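**Q** Have a look at the structure that comes next, please.
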Amino acid sequence: MSESLDLSQFFGSLRAETETSWLGQAYLPPRLFGQMTETQSILVMSGEGTGKTTLELQLKKYAAQKSGLVTASWRPHLPENAASSDEVVNAFLSQALDSLSFAFLQTFARQPALYSSAPSWTRDFMLWFIQKYLEGDREYHLSRLAEQAAPDGVKTVTRLLSETPRPLFSEATPVSILPKLNENVVKLGFEGIWVFVDGLDALYRVSPDRLVQALDQFLSTLGLFEESAFAFKIIVSYNLGKHIEKARGVLTKRLITYQLKWQEDELQRLVERRLSLALKKEDAALHKLCKDDSWLEWFKRYAGDSPRGWLELTRPMLTAYLEKGRSVTKTEWQDIYRQSPPSLRLDLEAGRVFIGGGEVSVLGVGYQLLRYLYENRHRPCTKSELYYRAHKGLNHEPRSKDDKDWEDIKTWEGPLDTALYRLRHAVEWDKRKDAEPLYIISERGKGQIHLENVV
């Protein structure tokens, strides 16, 4: 039996954007998913590989299936000339209302009766709202809308894009218009509005300080969260979330905060759902891939606590299982993961060491050596370099007894070798006799050491 196309499909890219056709069959909602679907503003913080994009796609899918919701996806960009907090808030909210204006147009294009049967004041308001906040070329918008419009829908959205509205409000800021928007959404027959805030992590990588300041100003404006039918859905990484959660809107519970975390049993069920799809077996189970019980213990240790970690570590075993047409033996699984080992990674800021998704305890001299090797992972390091620069913390490497801080090699080489031996024992998971190291590699005859299988 060889690796099938299904395996590549279900354990390939591990990107939710490419898995939309079948993701719902394999998806396991987080425990508080039901609360996240309430019409209230939420902030979800997520670690790397924990399913942030998948959660957003499933929330959008839920909203699309619920006829009483209008949803919009807003991708913020930092205001160019905003000097004050009010200017930042109004600029950000105008961007969100631009996205929402097009979402209303899409809804009226598909269901023109929603607009035509609304009270006259509501029709006047929607015309004013769309003309006020919709950015971009009207003809371009109309061409996009016509592709999905009902027969009368084109006429409706053409009117909304072209007619001149009555001057309903002499002075109106985006924040002050939210109560009127809330009122008229209800009159249109909707239960609420969800605005998904997209692309914040990408923007954070480019302009972290400016974005954090702008978001703090925006999310500290409590008036944004006072309307019962209007909600922001924000899903971000922990790195950004730890800044956002200091905003007044979060501290005062206007935005309800969630952390996207998974328990071991949930992760196993999530993997087994994909296994069932790939193998076309309803009873597919992770433990059936291997005859040796110790593999599952090893697997859980190095897969970590994220769906991505579990799925990535499943792929090599599933490939072998399909190729052999049977469960894998102990010797075989160890050799399989030597061919595609979980990667070594250091979180230099936090001083933590990871193999795959699992954390490994490395302390003291061992961590000093590993950190130096990791920071210089694109080249080999000499033992002398490791002793003087990594262990001793010098900014130079003495070459002879005449150099400052020089020590006879006989006094330090033995203790350094012992420290490297203990480091390997802590990091290397394949402890079989005569097994070659996977991560900390000595170049025989050269006195040099380098790292492999690192990210």
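The way I read the labels, and the way they are meant: chains A, B, ... in the order of the structure tokens, residue 1 as the first residue of every chain, and ligand 1 as the first ligand shown, with later ones counted on from there.
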Using only C-alpha atoms, find each residue in range 9-77 of chain A having at least one atom no more than 10 Å away from range 305-308 of chain A; report its shortest atom-to-atom pair and that distance in Å (one decimal), rows by chain then rising number, as CSV.
**A**
residue,atom,partner,partner_atom,distance
A:Phe11,CA,A:Arg308,CA,9.7
A:Leu14,CA,A:Arg308,CA,7.0
A:Arg15,CA,A:Arg308,CA,9.3
A:Ser46,CA,A:Ser306,CA,9.9
A:Gly47,CA,A:Ser306,CA,7.9
A:Glu48,CA,A:Ser306,CA,7.6
A:Gly49,CA,A:Arg308,CA,4.9
A:Thr50,CA,A:Ser306,CA,4.7
A:Gly51,CA,A:Pro307,CA,6.8
**Q** Okay, now the selection with N, CA and C atoms, as an mmCIF file, in the first residue's frame?
**A**
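Okay, this is what ended up in part-v8.cif:
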data_model
loop_
_atom_site.group_PDB
_atom_site.id
_atom_site.type_symbol
_atom_site.label_atom_id
_atom_site.label_comp_id
_atom_site.auth_asym_id
_atom_site.auth_seq_id
_atom_site.Cartn_x
_atom_site.Cartn_y
_atom_site.Cartn_z
ATOM 1 N N PHE A 11 -3.087 15.704 5.519
ATOM 2 C CA PHE A 11 -1.921 15.923 6.374
ATOM 3 C C PHE A 11 -0.819 16.642 5.599
ATOM 4 N N LEU A 14 -1.561 21.733 6.011
ATOM 5 C CA LEU A 14 -2.016 22.108 7.358
ATOM 6 C C LEU A 14 -2.328 23.591 7.438
ATOM 7 N N ARG A 15 -2.854 24.118 6.357
ATOM 8 C CA ARG A 15 -3.307 25.513 6.301
ATOM 9 C C ARG A 15 -4.810 25.512 6.068
ATOM 10 N N SER A 46 -4.314 33.105 20.804
ATOM 11 C CA SER A 46 -3.971 31.769 20.338
ATOM 12 C C SER A 46 -2.468 31.640 20.164
ATOM 13 N N GLY A 47 -1.942 30.450 20.496
ATOM 14 C CA GLY A 47 -0.536 30.167 20.260
ATOM 15 C C GLY A 47 -0.296 29.721 18.828
ATOM 16 N N GLU A 48 0.967 29.559 18.473
ATOM 17 C CA GLU A 48 1.344 29.126 17.131
ATOM 18 C C GLU A 48 0.813 27.726 16.858
ATOM 19 N N GLY A 49 0.108 27.574 15.742
ATOM 20 C CA GLY A 49 -0.365 26.264 15.325
ATOM 21 C C GLY A 49 -1.562 25.738 16.079
ATOM 22 N N THR A 50 -2.252 26.601 16.847
ATOM 23 C CA THR A 50 -3.370 26.124 17.655
ATOM 24 C C THR A 50 -4.712 26.180 16.938
ATOM 25 N N GLY A 51 -4.726 26.693 15.696
ATOM 26 C CA GLY A 51 -5.973 26.681 14.936
ATOM 27 C C GLY A 51 -6.684 28.018 14.895
#
**Q** Please, which residues of range 44-170 of chain A, numbered as in this document, come out helix (DSSP H, G or I) from DSSP, as a ChimeraX atom specification?
**A** /A:52-65,85-110,112-116,120-133,138-146,153-162
**Q** Between A:Leu219, A:Ala103, A:Ala113, A:Ile193, which one has atoms that come closest to Arg248 in chain A, using only C-alpha atoms?
**A**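 The shortest atom-to-atom distance to Arg248 in chain A comes from A:Leu219.
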**Q** Tell me, as a list in words, which residues lie within 8 Å of Ile441 in chain A, counting only C-alpha atoms; anything in the same chain fewer than 4 positions away does not count.
**A**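 These residues fall inside the cut-off: Pro437, Ile449, His450, Leu451 and Glu452 of chain A.
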**Q** May I have the selected residues written with N, CA and C atoms, as a JSON list (two decimals), in the first residue's frame?
**A**
[["chain", "number", "residue", "atom", "x", "y", "z"],
["A", 437, "PRO", "N", 23.71, 11.14, 17.24],
["A", 437, "PRO", "CA", 22.91, 12.30, 17.64],
["A", 437, "PRO", "C", 22.14, 12.89, 16.45],
["A", 449, "ILE", "N", 31.52, 21.59, 16.55],
["A", 449, "ILE", "CA", 30.17, 21.13, 16.89],
["A", 449, "ILE", "C", 29.16, 22.04, 16.19],
["A", 450, "HIS", "N", 28.09, 21.44, 15.68],
["A", 450, "HIS", "CA", 27.03, 22.24, 15.08],
["A", 450, "HIS", "C", 25.68, 21.60, 15.35],
["A", 451, "LEU", "N", 24.62, 22.34, 15.08],
["A", 451, "LEU", "CA", 23.26, 21.84, 15.26],
["A", 451, "LEU", "C", 22.67, 21.41, 13.93],
["A", 452, "GLU", "N", 21.86, 20.39, 13.98],
["A", 452, "GLU", "CA", 21.06, 19.97, 12.83],
["A", 452, "GLU", "C", 19.62, 19.82, 13.26]]
**Q** Closest to Phe299 in chain A among A:Ser237, A:Thr319, A:Gln334, A:Thr71, using only C-alpha atoms?
**A**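 Using only C-alpha atoms, Phe299 in chain A sits closest to A:Gln334.
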**Q** Which residue gives the smallest distance to Val427 in chain A among A:Leu240, A:Val454, A:Leu344, A:Val212, with only C-alpha atoms counted?
**A**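 Of A:Leu240, A:Val454, A:Leu344, A:Val212, the one nearest Val427 in chain A is A:Leu344, counting only C-alpha atoms.
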**Q** List as a VMD selection string the protein and nucleic acid residues near Asp124 in chain A, meaning an atom at most 8 Å away when only C-alpha atoms are counted, but skip any in the same chain fewer than 3 places from it.
**A** chain A and resid 120 to 121 127 to 128 165 to 166
**Q** Which distance in Å separates CA of Thr418 in chain A and CA of Asp347 in chain A, to one decimal?
**A**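 Pair CA of Thr418 in chain A / CA of Asp347 in chain A returns 24.5 Å.
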**Q** Write out as number ranges by chain each polymer residue whose atoms come within 12 Å of His396 in chain A, counting only C-alpha atoms; drop sequence neighbours fewer than 3 positions from it.
**A** A: 384-390, 392-393, 399, 403-406
